[in-house]
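As provided, query-v7.cif (mmCIF, C-alpha atoms and all ligand atoms) reads as follows.
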```cif
data_protein
#
loop_
_atom_site.label_atom_id
_atom_site.label_comp_id
_atom_site.auth_asym_id
_atom_site.auth_seq_id
_atom_site.Cartn_x
_atom_site.Cartn_y
_atom_site.Cartn_z
CA MET A 1 0.00 0.00 0.00
CA ILE A 2 1.44 3.31 -1.07
CA TYR A 3 -0.75 6.32 -0.63
CA GLY A 4 -0.15 9.62 -2.32
CA PHE A 5 -0.77 11.61 -5.43
CA VAL A 6 -0.19 9.68 -8.60
CA VAL A 7 -0.01 10.52 -12.27
CA LEU A 8 -1.56 8.18 -14.80
CA LEU A 9 1.20 7.22 -17.16
CA ALA A 10 0.39 4.46 -19.55
CA SER A 11 -2.80 2.59 -20.06
CA SER A 12 -3.17 2.39 -23.82
CA PRO A 13 -1.35 -0.30 -25.82
CA LEU A 14 -0.19 2.38 -28.26
CA PHE A 15 1.67 4.23 -25.55
CA SER A 16 3.24 1.01 -24.29
CA PHE A 17 4.49 0.29 -27.78
CA ALA A 18 6.11 3.71 -28.05
CA LEU A 19 7.83 3.26 -24.69
CA SER A 20 8.98 -0.20 -25.61
CA ASN A 21 10.73 1.08 -28.71
CA SER A 22 12.47 3.95 -27.01
CA SER A 23 13.67 1.67 -24.24
CA GLN A 24 15.23 -0.69 -26.75
CA LYS A 25 17.05 2.14 -28.44
CA ASP A 26 18.51 3.25 -25.12
CA SER A 27 19.91 -0.14 -24.32
CA VAL A 28 22.00 -0.22 -27.49
CA ILE A 29 24.47 1.96 -25.59
CA ASN A 30 25.06 -0.78 -23.02
CA ASN A 31 27.33 -3.05 -25.03
CA GLY A 32 27.74 -6.47 -23.48
CA TYR A 33 25.44 -5.57 -20.63
CA LYS A 34 24.02 -8.53 -18.72
CA ILE A 35 21.46 -8.60 -15.94
CA LYS A 36 23.10 -10.43 -13.06
CA THR A 37 21.28 -9.35 -9.91
CA ILE A 38 17.60 -8.61 -9.29
CA ILE A 39 16.57 -7.04 -6.00
CA VAL A 40 13.27 -8.31 -4.58
CA ASP A 41 11.79 -5.94 -2.02
CA PRO A 42 8.91 -7.25 0.14
CA GLY A 43 7.07 -4.15 1.41
CA HIS A 44 6.51 -3.40 5.11
CA GLY A 45 7.13 -5.56 8.19
CA VAL A 46 6.64 -5.62 11.94
CA ARG A 47 8.53 -3.23 14.17
CA PRO A 48 11.91 -4.73 15.07
CA GLU A 49 12.15 -5.40 18.79
CA GLY A 50 13.25 -2.32 20.69
CA ALA A 51 13.43 -0.22 17.53
CA LYS A 52 12.42 3.41 17.72
CA GLY A 53 11.18 5.71 15.01
CA ASN A 54 9.09 4.97 11.96
CA PHE A 55 8.20 1.57 10.72
CA SER A 56 5.66 0.53 8.18
CA PRO A 57 3.17 -2.21 9.13
CA GLY A 58 1.28 -1.99 5.82
CA ALA A 59 -2.33 -2.72 4.95
CA SER A 60 -4.52 -5.52 6.19
CA GLY A 61 -7.47 -7.50 4.93
CA SER A 62 -10.10 -9.38 6.90
CA TYR A 63 -7.67 -12.14 7.91
CA SER A 64 -4.24 -11.33 6.47
CA PHE A 65 -1.56 -8.65 6.43
CA GLU A 66 0.19 -7.03 3.50
CA ARG A 67 3.60 -7.58 5.14
CA ASN A 68 3.08 -11.39 5.26
CA VAL A 69 1.72 -11.65 1.73
CA THR A 70 4.60 -9.61 0.28
CA LEU A 71 7.18 -11.76 2.10
CA ALA A 72 5.57 -15.01 0.91
CA ILE A 73 5.50 -13.77 -2.69
CA ALA A 74 9.08 -12.48 -2.37
CA PHE A 75 10.43 -15.91 -1.33
CA LYS A 76 8.65 -17.55 -4.26
CA LEU A 77 9.83 -14.85 -6.66
CA GLN A 78 13.44 -15.22 -5.50
CA LYS A 79 13.30 -18.98 -6.10
CA GLU A 80 11.68 -18.67 -9.54
CA ILE A 81 14.05 -15.93 -10.73
CA GLU A 82 17.04 -18.10 -9.86
CA LYS A 83 15.44 -21.14 -11.48
CA GLU A 84 14.19 -19.49 -14.67
CA LEU A 85 16.77 -16.81 -15.41
CA THR A 86 20.13 -18.45 -15.96
CA GLY A 87 22.98 -16.86 -14.05
CA VAL A 88 20.79 -14.32 -12.27
CA LYS A 89 20.90 -13.93 -8.49
CA ALA A 90 17.87 -12.60 -6.57
CA VAL A 91 18.56 -10.66 -3.38
CA LEU A 92 15.84 -9.91 -0.80
CA THR A 93 15.81 -6.62 1.09
CA ARG A 94 13.99 -8.32 3.96
CA ASN A 95 13.82 -12.03 4.76
CA THR A 96 12.26 -11.98 8.22
CA GLU A 97 8.99 -10.55 9.55
CA GLU A 98 10.82 -7.40 10.68
CA ASP A 99 10.51 -4.16 8.78
CA VAL A 100 13.57 -2.63 7.15
CA SER A 101 13.69 1.15 6.64
CA TRP A 102 13.44 2.34 3.05
CA PRO A 103 16.93 3.94 3.03
CA ARG A 104 18.36 0.60 4.20
CA ARG A 105 16.42 -1.21 1.45
CA ALA A 106 17.92 1.12 -1.16
CA GLU A 107 21.36 0.59 0.41
CA ILE A 108 20.98 -3.21 0.19
CA ALA A 109 19.99 -2.83 -3.48
CA ASN A 110 23.01 -0.68 -4.26
CA GLN A 111 25.52 -2.68 -2.19
CA ASN A 112 24.49 -5.82 -4.04
CA LYS A 113 24.89 -3.99 -7.37
CA GLY A 114 21.32 -4.72 -8.41
CA ASP A 115 20.39 -4.38 -12.06
CA LEU A 116 16.65 -4.23 -11.39
CA PHE A 117 14.54 -3.48 -8.32
CA ILE A 118 11.11 -5.10 -7.84
CA SER A 119 9.14 -3.90 -4.83
CA LEU A 120 6.13 -5.99 -3.77
CA HIS A 121 3.05 -4.51 -2.11
CA CYS A 122 -0.68 -5.05 -1.67
CA ASN A 123 -3.11 -2.22 -2.18
CA ALA A 124 -5.95 -1.03 0.07
CA LEU A 125 -8.44 1.81 -0.07
CA PRO A 126 -8.88 4.36 2.72
CA PRO A 127 -12.29 4.32 4.43
CA ARG A 128 -15.14 6.15 2.74
CA THR A 129 -17.09 8.91 4.44
CA ILE A 130 -20.82 8.68 3.97
CA ARG A 131 -23.38 11.30 4.94
CA GLU A 132 -27.00 10.40 5.38
CA VAL A 133 -30.05 12.48 6.08
CA VAL A 134 -31.48 11.08 9.30
CA GLY A 135 -34.22 13.61 9.89
CA HIS A 136 -35.26 17.23 9.61
CA LYS A 137 -35.34 20.11 12.03
CA HIS A 138 -37.07 23.39 11.17
CA GLY A 139 -37.22 22.25 7.57
CA LYS A 140 -33.46 21.61 7.37
CA PRO A 141 -31.94 18.14 6.98
CA ILE A 142 -30.03 16.57 9.86
CA TYR A 143 -27.01 14.60 8.68
CA HIS A 144 -25.27 11.65 10.17
CA THR A 145 -21.67 11.21 9.00
CA GLU A 146 -19.90 7.90 9.23
CA THR A 147 -16.70 6.39 7.87
CA VAL A 148 -17.06 2.91 6.43
CA PRO A 149 -14.50 0.50 4.99
CA ASN A 150 -14.23 0.58 1.21
CA HIS A 151 -13.77 -2.86 -0.32
CA SER A 152 -14.31 -1.78 -3.93
CA GLY A 153 -10.64 -1.74 -5.03
CA LYS A 154 -9.60 -4.66 -7.20
CA GLY A 155 -6.64 -5.72 -9.29
CA VAL A 156 -3.06 -4.68 -9.86
CA LEU A 157 -1.31 -1.33 -10.13
CA LEU A 158 2.29 -0.64 -11.14
CA LEU A 159 4.22 2.33 -9.81
CA VAL A 160 7.42 3.89 -11.07
CA TYR A 161 9.23 6.83 -9.54
CA GLY A 162 8.06 10.27 -10.59
CA PHE A 163 7.48 13.65 -9.06
CA HIS A 164 5.41 15.85 -11.34
CA ARG A 165 3.67 18.02 -8.82
CA THR A 166 2.06 21.41 -8.74
CA THR A 167 1.22 23.21 -5.52
CA GLU A 168 -2.34 22.09 -5.96
CA GLU A 169 -1.17 18.49 -6.20
CA GLU A 170 1.02 18.92 -3.13
CA ASN A 171 -2.09 19.91 -1.20
CA ALA A 172 -3.89 16.89 -2.58
CA ILE A 173 -1.06 14.67 -1.34
CA LYS A 174 -1.35 16.08 2.15
CA SER A 175 -5.01 15.22 2.27
CA THR A 176 -4.77 11.73 0.80
CA GLN A 177 -1.60 10.42 2.39
CA ILE A 178 -2.15 8.32 5.43
CA GLU A 179 0.10 7.21 8.29
CA ASP A 180 2.98 4.87 7.67
CA ASP A 181 3.77 5.40 4.04
CA ASN A 182 4.44 9.12 4.43
CA GLN A 183 8.09 8.34 4.99
CA MET A 184 8.37 6.61 1.63
CA ASN A 185 6.48 9.27 -0.27
CA ALA A 186 8.20 12.53 0.59
CA SER A 187 9.05 14.85 -2.27
CA VAL A 188 12.68 15.57 -3.09
CA ASP A 189 14.24 18.29 -0.95
CA PRO A 190 15.74 20.79 -3.45
CA ASN A 191 18.31 21.79 -0.80
CA ASP A 192 19.66 18.27 -0.47
CA PRO A 193 22.32 17.94 -3.22
CA ALA A 194 22.56 14.14 -2.87
CA ALA A 195 18.83 13.72 -3.33
CA VAL A 196 18.81 16.05 -6.33
CA ILE A 197 21.67 14.12 -7.97
CA LEU A 198 19.87 10.81 -7.42
CA THR A 199 16.65 12.16 -8.89
CA ASN A 200 18.37 13.57 -11.96
CA GLU A 201 20.30 10.36 -12.45
CA TYR A 202 17.10 8.35 -12.18
CA LEU A 203 15.34 10.50 -14.77
CA ARG A 204 18.30 10.41 -17.16
CA LYS A 205 19.18 6.72 -16.86
CA PHE A 206 16.38 4.64 -15.41
CA ARG A 207 12.96 6.21 -15.94
CA LYS A 208 12.30 4.81 -19.41
CA GLN A 209 13.47 1.30 -18.52
CA SER A 210 11.37 1.36 -15.34
CA ILE A 211 8.27 2.27 -17.33
CA HIS A 212 9.09 -0.36 -19.91
CA LEU A 213 9.53 -3.11 -17.29
CA ALA A 214 6.30 -2.01 -15.59
CA THR A 215 4.53 -2.24 -18.96
CA LEU A 216 5.78 -5.79 -19.52
CA ILE A 217 4.70 -6.90 -16.02
CA ASN A 218 1.32 -5.23 -16.42
CA SER A 219 0.73 -6.97 -19.77
CA GLU A 220 1.41 -10.38 -18.21
CA PHE A 221 -1.05 -9.71 -15.37
CA VAL A 222 -3.75 -8.53 -17.77
CA ASP A 223 -3.22 -10.73 -20.85
CA THR A 224 -2.10 -13.98 -19.23
CA ASP A 225 -3.80 -13.95 -15.84
CA GLY A 226 -6.88 -11.91 -16.77
CA ARG A 227 -6.38 -9.56 -13.84
CA LYS A 228 -7.96 -6.15 -13.65
CA SER A 229 -5.34 -3.38 -13.79
CA GLU A 230 -5.26 0.28 -12.85
CA GLY A 231 -2.27 0.68 -15.13
CA ILE A 232 1.12 2.27 -14.58
CA ARG A 233 1.56 5.43 -12.55
CA GLU A 234 4.35 7.71 -11.45
CA GLN A 235 4.66 8.42 -7.76
CA GLY A 236 7.34 9.86 -5.50
CA VAL A 237 8.24 6.55 -3.85
CA LEU A 238 11.74 7.29 -2.61
CA VAL A 239 13.01 3.72 -2.37
CA LEU A 240 12.50 3.41 -6.14
CA CYS A 241 14.62 6.49 -6.83
CA HIS A 242 17.35 5.87 -4.27
CA SER A 243 17.91 2.38 -5.59
CA ALA A 244 19.97 3.56 -8.52
CA MET A 245 18.60 1.09 -11.09
CA PRO A 246 15.37 0.57 -13.04
CA ALA A 247 12.73 0.02 -10.37
CA VAL A 248 9.08 -1.00 -10.34
CA LEU A 249 6.65 -1.24 -7.45
CA VAL A 250 4.02 -3.92 -7.95
CA GLU A 251 0.72 -3.54 -6.12
CA THR A 252 -0.18 -7.22 -6.44
CA GLY A 253 -3.87 -6.80 -5.53
CA TYR A 254 -6.26 -5.22 -3.04
CA ILE A 255 -5.90 -7.02 0.28
CA ASP A 256 -9.05 -5.28 1.55
CA ASN A 257 -11.14 -6.76 -1.28
CA PRO A 258 -12.42 -10.26 -0.33
CA ASP A 259 -11.72 -11.84 -3.76
CA ASP A 260 -8.28 -10.30 -4.09
CA GLU A 261 -7.42 -11.20 -0.49
CA ASN A 262 -8.19 -14.87 -1.15
CA TYR A 263 -6.18 -14.75 -4.37
CA LEU A 264 -3.20 -13.06 -2.68
CA ASN A 265 -3.18 -15.64 0.11
CA SER A 266 -3.60 -18.70 -2.12
CA GLU A 267 -0.72 -20.80 -3.45
CA GLU A 268 -2.29 -20.56 -6.89
CA GLY A 269 -2.58 -16.78 -6.79
CA GLN A 270 0.94 -16.27 -5.46
CA ASN A 271 2.38 -18.66 -8.06
CA GLU A 272 0.50 -16.88 -10.84
CA ILE A 273 1.76 -13.46 -9.73
CA VAL A 274 5.34 -14.78 -9.51
CA ALA A 275 5.14 -16.51 -12.91
CA SER A 276 3.90 -13.31 -14.55
CA ILE A 277 6.66 -11.18 -13.04
CA VAL A 278 9.28 -13.77 -14.06
CA ARG A 279 8.00 -13.92 -17.67
CA ALA A 280 8.17 -10.13 -17.86
CA LEU A 281 11.69 -10.15 -16.40
CA LYS A 282 12.75 -12.76 -18.93
CA ASN A 283 11.39 -10.68 -21.84
CA TYR A 284 13.06 -7.55 -20.47
CA LYS A 285 16.37 -9.37 -19.99
CA ASP A 286 16.28 -10.87 -23.47
CA GLU A 287 15.57 -7.48 -25.05
CA VAL A 288 18.31 -5.66 -23.15
CA GLU A 289 20.94 -8.33 -23.69
CA GLN A 290 20.06 -9.04 -27.32
CA VAL A 291 20.32 -5.42 -28.39
CA SER A 292 23.67 -5.03 -26.67
CA GLN A 293 25.34 -8.04 -28.34
ZN ZN M 301 2.48 -1.21 0.75
#
```

Just give me the structure as C-alpha cells.
Amino acid sequence: MIYGFVVLLASSPLFSFALSNSSQKDSVINNGYKIKTIIVDPGHGVRPEGAKGNFSPGASGSYSFERNVTLAIAFKLQKEIEKELTGVKAVLTRNTEEDVSWPRRAEIANQNKGDLFISLHCNALPPRTIREVVGHKHGKPIYHTETVPNHSGKGVLLLVYGFHRTTEEENAIKSTQIEDDNQMNASVDPNDPAAVILTNEYLRKFRKQSIHLATLINSEFVDTDGRKSEGIREQGVLVLCHSAMPAVLVETGYIDNPDDENYLNSEEGQNEIVASIVRALKNYKDEVEQVSQ
C-alpha cells in the first residue's frame, strides 16, 4: 500500500508500444550488458524489537496482512528468478517478519549492485465517508456522517518513480496520504544535493526502462492472468529512486477486497503473480541483452 498523489502514465497499448521502442534504443548503448542481480523488495514488516522511530506495518485484509503476503510472494519470486533466469541472483531486502527502513532497502539494493529493483506490495483503499439524512429540524436536513471501509478496489497497479507536482497536487497529497507510508512518499528536498543528484540520475538513466519493465509486467497480469489493472503510474516513492537502477513497485492486488485477499493468500494466486513477473523479467532481460550483443 502506497498512498499519495499519482499521475496516470500508460494505459493504452499504443503508448506502451512507443515506450517499448524507445527503451530498446537506449539499451544499445550498453554493449555487453548482462542482468546479473535482481533485488526483490517485500514491502513493510513488523517493528523490530526495541526499535524506535518509523516503521511501516502496511495494509490488512479481513484475515491477512500485507507484510506477510509480500514476504511469501518475495520468497517464491526469489526462487523462480534463480530457477528461470540463468545466471541471475535474486537478493531480498527483507527475509524476516521485521521491517527494514526504506533507506536501508535502497542501500541493500546498491551494495548488491542490483540491475533491477522489484518492490512488492498489496493495495488497500482508505475508508469512505458517507453522509446520510437522518431527519429534519425546522425544515433543514439533519445529517449523520460515518466512515465505512471501502472494499471496492480490485486488481493490480504498477508504480514507477516520478514527481510531477504542482502546488495544488502537493495539497492533494497532504489530504490523501495516510500514516505509515508518508516516509516513503516525501518529495525531493531541493536543498539536499545528494537527493537532487539521485533524482536527476534516475530521470536520465532509469525512468524509461522502469516504465518499460512495468509495462511488460502489467501486460502479463492482464493478458495472461486476466487480472484487472489500474495501469502504470508515477509516484514519488523514494526507495525506487534511491535504488539507482530501473525500479518497479508492484501492487499485487487489493488485500481489503475479499476476492483479491483470497487470491493473494492462495498458493495458486501467489504462483500466478510470480510466474507473470518472471515472464516479464525474462522478456526484459532478453531485449536488453540481445540489443547489446
Ligand atoms: Zn504497501

- Item | Distance filter 7 Å around ligand ZN 301 (chain M), atoms: only C-alpha atoms and all ligand atoms, out as a list in words | Met1, Ile2, Gly43, His44, Gly58, Ala59, Glu66, His121, Cys122 and Asn123 of chain A

- Query: Mind pulling up the distance from CA of Ser56 (chain A) to CA of Asp99 (chain A)?
  - Reply: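 Result for CA of Asp99 (chain A) versus CA of Ser56 (chain A): 6.8 Å, one decimal.
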
- Message: Neighbouring residues of Lys282 (chain A) were defined as those with any atom within 12 Å, considering only C-alpha atoms; residues of the same chain fewer than 6 positions away were excluded. Please report them as a VMD selection string.
- Response: chain A and resid 35 38 80 to 86 88 213 216 to 217 220 275 to 276 288 to 290

Restricted to C-alpha atoms, what would the selected residues look like written as a PDB file, keeping the file's coordinate frame?
```
ATOM      1  CA  ILE A  35      21.460  -8.600 -15.940  1.00  0.00           C
ATOM      2  CA  ILE A  38      17.600  -8.610  -9.290  1.00  0.00           C
ATOM      3  CA  GLU A  80      11.680 -18.670  -9.540  1.00  0.00           C
ATOM      4  CA  ILE A  81      14.050 -15.930 -10.730  1.00  0.00           C
ATOM      5  CA  GLU A  82      17.040 -18.100  -9.860  1.00  0.00           C
ATOM      6  CA  LYS A  83      15.440 -21.140 -11.480  1.00  0.00           C
ATOM      7  CA  GLU A  84      14.190 -19.490 -14.670  1.00  0.00           C
ATOM      8  CA  LEU A  85      16.770 -16.810 -15.410  1.00  0.00           C
ATOM      9  CA  THR A  86      20.130 -18.450 -15.960  1.00  0.00           C
ATOM     10  CA  VAL A  88      20.790 -14.320 -12.270  1.00  0.00           C
ATOM     11  CA  LEU A 213       9.530  -3.110 -17.290  1.00  0.00           C
ATOM     12  CA  LEU A 216       5.780  -5.790 -19.520  1.00  0.00           C
ATOM     13  CA  ILE A 217       4.700  -6.900 -16.020  1.00  0.00           C
ATOM     14  CA  GLU A 220       1.410 -10.380 -18.210  1.00  0.00           C
ATOM     15  CA  ALA A 275       5.140 -16.510 -12.910  1.00  0.00           C
ATOM     16  CA  SER A 276       3.900 -13.310 -14.550  1.00  0.00           C
ATOM     17  CA  VAL A 288      18.310  -5.660 -23.150  1.00  0.00           C
ATOM     18  CA  GLU A 289      20.940  -8.330 -23.690  1.00  0.00           C
ATOM     19  CA  GLN A 290      20.060  -9.040 -27.320  1.00  0.00           C
TER      20      GLN A 290
END
```

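Going from CA of Leu240 (chain A) to CA of Ser219 (chain A) covers 20.8 Å.
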
- Task: Figure out the distance between CA of Val40 (chain A) and CA of Gly61 (chain A), please, to one decimal in Å.
- Result: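 Straight-line distance from CA of Gly61 (chain A) to CA of Val40 (chain A) works out to 22.8 Å.
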
- Message: Residues within 8 Å of region 94-97 of chain A, please, as a VMD selection string. Count only C-alpha atoms; anything in the same chain fewer than 4 positions from it doesn't count.
- Response: chain A and resid 41 to 42 45 to 46 67 to 68 71 75 105

Dump of C-alpha atoms for the selected residues, as a CSV table (one decimal), in the frame of the given file:
```csv
chain,number,residue,atom,x,y,z
A,41,ASP,CA,11.8,-5.9,-2.0
A,42,PRO,CA,8.9,-7.2,0.1
A,45,GLY,CA,7.1,-5.6,8.2
A,46,VAL,CA,6.6,-5.6,11.9
A,67,ARG,CA,3.6,-7.6,5.1
A,68,ASN,CA,3.1,-11.4,5.3
A,71,LEU,CA,7.2,-11.8,2.1
A,75,PHE,CA,10.4,-15.9,-1.3
A,105,ARG,CA,16.4,-1.2,1.4
```
